[in-house]
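First comes the structure, then the notes that go with it.
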Amino acid sequence: MKKSFTLACVALASTLFANETLLLEKEKTTILSFFASWCPSCKKELPQLAKLHDGYKKRGIEIIGIDVDKKLEDAHKFQEKMKEHLPFKVLNDTSNTIVGEYKPLGMPAIFIVKNNEVCATIFGAEEHLEERLEKELQTCKEKK
Amino acid sequence: MRYITILAAALLFGGCVSEVQPWEKATLAKDGMKEGGANPLVKKYEEHIYYSKEATKGGGSIGAGGCGCN
């Protein structure tokens, strides 16, 4: 499957089927982090991502968390538990519409999106997430 | 009639072959779905008993006999 998605398609699909809408700004680099309450590696990854949030925000990079739990109750319980590690915007994709569009190969999954295209992906929890993200962001920068 | 039966079976069991996607593994991630059940100690003790009883033929591995000579 091609790793490029149009903003319109994803936004339309998520508006129609998901509980919440994913809107991406075209020029802005966005890090989409897919996670779930049942995924132990996600619990490991989210605190690392939370630490990077402020620095990325200053650089104009947005982080959006997407909880793929099918039960909203599970999602809310998990997000409440992980509250301090979720300083960024979180969408609840209970219908799995958004995740179904991106089709990650594993969980947790990170997609770096710029200009309506996925320019890098990270599947599974990374021990040195910051280094890996910097590397991928650099790759994205060079692509444009 | 034969074709109708095949078609009915295909429709009935068609959903059984759908692949579980990585984001749909909530049920598979439950403790009870682990090998040996929710309590890892049960599996550990079962393995211990099996290993002790089958030591003469290498226990749970493909190793040599349990004579202690190698």
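By convention here, the chains of the structure tokens are called A, B, ... in the order presented, each chain's residues are numbered starting at 1, and ligands are numbered starting at 1 in the order presented.
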Next item on the list: Determine which residues of chain B receive a DSSP assignment of helix (DSSP H, G or I), computed from the backbone, and state them as a ChimeraX atom specification.
Entry: /B:2-17,22-24,31-33,40-53,55-57
Next item on the list: Residues of chain A near chain B: apply a cut-off of 10 Å, count only C-alpha atoms, and supply the list as a VMD selection string.
Entry: chain A and resid 34 to 40 67 to 70 96 99 to 100 103 to 109
Checklist line | Polymer residues at most 7 Å from Ile66 (chain A), only C-alpha atoms, same-chain spacing of 5 or more positions, as number ranges by chain | finding: A: 33-35, 90-93
Notebook entry, point to check: Near Lys114 (chain A), counting only C-alpha atoms, which residues have an atom at most 9 Å away, once you skip same-chain residues fewer than 6 positions from it, shown as a VMD selection string?
Noted result: chain A and resid 24 to 31 140
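In the backbone-derived DSSP annotation, strand (DSSP E) within region 87-141 of chain A comprises Lys89, Val90, Leu91, Asn92, Ala109, Ile110, Phe111, Ile112, Val113, Lys114, Glu117, Val118, Cys119, Ala120, Thr121, Ile122 and Phe123 of chain A.
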Notebook entry, point to check: Quick one, how far is CA of Lys71 (chain A) from CA of Thr94 (chain A)?
Noted result: 6.3 Å
Check: Can you tell me, as a list in words, what residues are no more than 12 Å from region 38-51 of chain B when counting only C-alpha atoms, ignoring any on the same chain fewer than 2 positions away?
Finding: Leu28, Ala29, Lys30, Asp31, Gly32, Met33, Lys34, Glu35, Gly36, Lys53, Glu54, Ala55, Thr56, Lys57, Gly58, Gly59, Gly60, Ser61, Ile62, Gly63 and Gly66 of chain B
Residues as selected, N, CA, C and O atoms, written as a PDB file, in the first residue's frame, can you do that?
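File again-v9.pdb, as written:
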```
ATOM      1  N   LEU B  28      -6.165 -10.684  21.766  1.00  0.00           N
ATOM      2  CA  LEU B  28      -4.974 -11.532  21.799  1.00  0.00           C
ATOM      3  C   LEU B  28      -3.964 -11.065  22.845  1.00  0.00           C
ATOM      4  O   LEU B  28      -3.134 -11.846  23.301  1.00  0.00           O
ATOM      5  N   ALA B  29      -4.045  -9.796  23.208  1.00  0.00           N
ATOM      6  CA  ALA B  29      -3.093  -9.240  24.175  1.00  0.00           C
ATOM      7  C   ALA B  29      -3.503  -9.517  25.625  1.00  0.00           C
ATOM      8  O   ALA B  29      -2.748  -9.238  26.545  1.00  0.00           O
ATOM      9  N   LYS B  30      -4.687 -10.075  25.807  1.00  0.00           N
ATOM     10  CA  LYS B  30      -5.160 -10.340  27.171  1.00  0.00           C
ATOM     11  C   LYS B  30      -4.296 -11.414  27.832  1.00  0.00           C
ATOM     12  O   LYS B  30      -3.800 -12.323  27.145  1.00  0.00           O
ATOM     13  N   ASP B  31      -4.171 -11.337  29.147  1.00  0.00           N
ATOM     14  CA  ASP B  31      -3.342 -12.299  29.887  1.00  0.00           C
ATOM     15  C   ASP B  31      -3.792 -13.739  29.677  1.00  0.00           C
ATOM     16  O   ASP B  31      -2.980 -14.641  29.572  1.00  0.00           O
ATOM     17  N   GLY B  32      -5.106 -13.916  29.614  1.00  0.00           N
ATOM     18  CA  GLY B  32      -5.662 -15.252  29.440  1.00  0.00           C
ATOM     19  C   GLY B  32      -5.335 -15.888  28.096  1.00  0.00           C
ATOM     20  O   GLY B  32      -5.481 -17.101  27.921  1.00  0.00           O
ATOM     21  N   MET B  33      -4.885 -15.086  27.159  1.00  0.00           N
ATOM     22  CA  MET B  33      -4.563 -15.606  25.826  1.00  0.00           C
ATOM     23  C   MET B  33      -3.114 -16.075  25.724  1.00  0.00           C
ATOM     24  O   MET B  33      -2.695 -16.595  24.704  1.00  0.00           O
ATOM     25  N   LYS B  34      -2.368 -15.860  26.786  1.00  0.00           N
ATOM     26  CA  LYS B  34      -0.965 -16.281  26.770  1.00  0.00           C
ATOM     27  C   LYS B  34      -0.879 -17.795  26.869  1.00  0.00           C
ATOM     28  O   LYS B  34      -1.776 -18.438  27.440  1.00  0.00           O
ATOM     29  N   GLU B  35       0.215 -18.323  26.378  1.00  0.00           N
ATOM     30  CA  GLU B  35       0.424 -19.766  26.476  1.00  0.00           C
ATOM     31  C   GLU B  35       0.526 -20.102  27.967  1.00  0.00           C
ATOM     32  O   GLU B  35       1.314 -19.491  28.690  1.00  0.00           O
ATOM     33  N   GLY B  36      -0.281 -21.036  28.413  1.00  0.00           N
ATOM     34  CA  GLY B  36      -0.247 -21.400  29.821  1.00  0.00           C
ATOM     35  C   GLY B  36      -1.247 -20.631  30.661  1.00  0.00           C
ATOM     36  O   GLY B  36      -1.336 -20.835  31.861  1.00  0.00           O
ATOM     37  N   LYS B  53       9.881 -35.422  34.877  1.00  0.00           N
ATOM     38  CA  LYS B  53       9.397 -36.759  34.525  1.00  0.00           C
ATOM     39  C   LYS B  53      10.026 -37.282  33.243  1.00  0.00           C
ATOM     40  O   LYS B  53      10.177 -38.482  33.054  1.00  0.00           O
ATOM     41  N   GLU B  54      10.355 -36.386  32.346  1.00  0.00           N
ATOM     42  CA  GLU B  54      10.880 -36.809  31.051  1.00  0.00           C
ATOM     43  C   GLU B  54      12.388 -36.587  30.935  1.00  0.00           C
ATOM     44  O   GLU B  54      12.931 -36.544  29.835  1.00  0.00           O
ATOM     45  N   ALA B  55      13.054 -36.465  32.072  1.00  0.00           N
ATOM     46  CA  ALA B  55      14.488 -36.148  32.058  1.00  0.00           C
ATOM     47  C   ALA B  55      15.315 -37.212  31.330  1.00  0.00           C
ATOM     48  O   ALA B  55      16.321 -36.891  30.699  1.00  0.00           O
ATOM     49  N   THR B  56      14.892 -38.448  31.405  1.00  0.00           N
ATOM     50  CA  THR B  56      15.677 -39.525  30.781  1.00  0.00           C
ATOM     51  C   THR B  56      15.753 -39.393  29.262  1.00  0.00           C
ATOM     52  O   THR B  56      16.659 -39.931  28.640  1.00  0.00           O
ATOM     53  N   LYS B  57      14.794 -38.696  28.686  1.00  0.00           N
ATOM     54  CA  LYS B  57      14.864 -38.510  27.228  1.00  0.00           C
ATOM     55  C   LYS B  57      15.170 -37.037  26.869  1.00  0.00           C
ATOM     56  O   LYS B  57      14.890 -36.562  25.789  1.00  0.00           O
ATOM     57  N   GLY B  58      15.739 -36.334  27.810  1.00  0.00           N
ATOM     58  CA  GLY B  58      16.175 -34.971  27.511  1.00  0.00           C
ATOM     59  C   GLY B  58      15.253 -33.885  28.011  1.00  0.00           C
ATOM     60  O   GLY B  58      15.466 -32.714  27.707  1.00  0.00           O
ATOM     61  N   GLY B  59      14.212 -34.239  28.737  1.00  0.00           N
ATOM     62  CA  GLY B  59      13.284 -33.238  29.274  1.00  0.00           C
ATOM     63  C   GLY B  59      12.554 -32.506  28.171  1.00  0.00           C
ATOM     64  O   GLY B  59      12.077 -33.126  27.210  1.00  0.00           O
ATOM     65  N   GLY B  60      12.527 -31.246  28.264  1.00  0.00           N
ATOM     66  CA  GLY B  60      11.800 -30.450  27.268  1.00  0.00           C
ATOM     67  C   GLY B  60      12.639 -30.094  26.063  1.00  0.00           C
ATOM     68  O   GLY B  60      12.161 -29.469  25.125  1.00  0.00           O
ATOM     69  N   SER B  61      13.893 -30.500  26.062  1.00  0.00           N
ATOM     70  CA  SER B  61      14.762 -30.152  24.934  1.00  0.00           C
ATOM     71  C   SER B  61      15.105 -31.391  24.108  1.00  0.00           C
ATOM     72  O   SER B  61      14.654 -32.492  24.409  1.00  0.00           O
ATOM     73  N   ILE B  62      15.947 -31.209  23.110  1.00  0.00           N
ATOM     74  CA  ILE B  62      16.307 -32.326  22.244  1.00  0.00           C
ATOM     75  C   ILE B  62      17.628 -32.954  22.728  1.00  0.00           C
ATOM     76  O   ILE B  62      18.227 -33.773  22.083  1.00  0.00           O
ATOM     77  N   GLY B  63      18.066 -32.559  23.897  1.00  0.00           N
ATOM     78  CA  GLY B  63      19.365 -33.011  24.415  1.00  0.00           C
ATOM     79  C   GLY B  63      19.474 -34.520  24.577  1.00  0.00           C
ATOM     80  O   GLY B  63      18.550 -35.272  24.263  1.00  0.00           O
ATOM     81  N   GLY B  66      19.240 -38.749  30.162  1.00  0.00           N
ATOM     82  CA  GLY B  66      19.384 -38.209  31.503  1.00  0.00           C
ATOM     83  C   GLY B  66      20.372 -38.962  32.372  1.00  0.00           C
ATOM     84  O   GLY B  66      20.253 -38.974  33.585  1.00  0.00           O
TER      85      GLY B  66
END
```
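Excluding Phe111 (chain A) itself and same-chain residues fewer than 2 positions from it, the residues having an atom within 6 Å of it are A:Ile31, A:Leu32, A:Ala120, A:Thr121, counting only C-alpha atoms.
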Kindly save the residues from that selection, with N, CA, C and O atoms included, as an mmCIF file, in the first residue's frame.
```
data_model
loop_
_atom_site.group_PDB
_atom_site.id
_atom_site.type_symbol
_atom_site.label_atom_id
_atom_site.label_comp_id
_atom_site.auth_asym_id
_atom_site.auth_seq_id
_atom_site.Cartn_x
_atom_site.Cartn_y
_atom_site.Cartn_z
ATOM 1 N N ILE A 31 3.442 14.469 13.868
ATOM 2 C CA ILE A 31 3.801 13.108 14.295
ATOM 3 C C ILE A 31 2.526 12.458 14.813
ATOM 4 O O ILE A 31 1.941 12.916 15.792
ATOM 5 N N LEU A 32 2.094 11.420 14.128
ATOM 6 C CA LEU A 32 0.899 10.696 14.568
ATOM 7 C C LEU A 32 1.349 9.469 15.353
ATOM 8 O O LEU A 32 2.111 8.647 14.847
ATOM 9 N N ALA A 120 7.787 9.163 6.982
ATOM 10 C CA ALA A 120 8.542 8.183 7.771
ATOM 11 C C ALA A 120 7.615 7.448 8.725
ATOM 12 O O ALA A 120 6.573 7.974 9.125
ATOM 13 N N THR A 121 8.011 6.223 9.055
ATOM 14 C CA THR A 121 7.209 5.431 9.995
ATOM 15 C C THR A 121 8.129 4.753 11.013
ATOM 16 O O THR A 121 9.264 4.426 10.699
#
```
Check: If you measure from CA of Thr139 (chain A) to CA of Lys51 (chain A), what distance in Å do you get, rounded to one decimal?
Finding: 21.6 Å
Next item on the list: Please indicate the distance in Å from CA of Glu62 (chain A) to CA of Glu142 (chain A), rounded to one decimal place.
Entry: 18.7 Å
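Minimum atom-to-atom distance to Leu137 (chain A), evaluated using only C-alpha atoms, belongs to A:Ile61 out of A:Ala125, A:Ile61, A:Leu52, A:Leu22.
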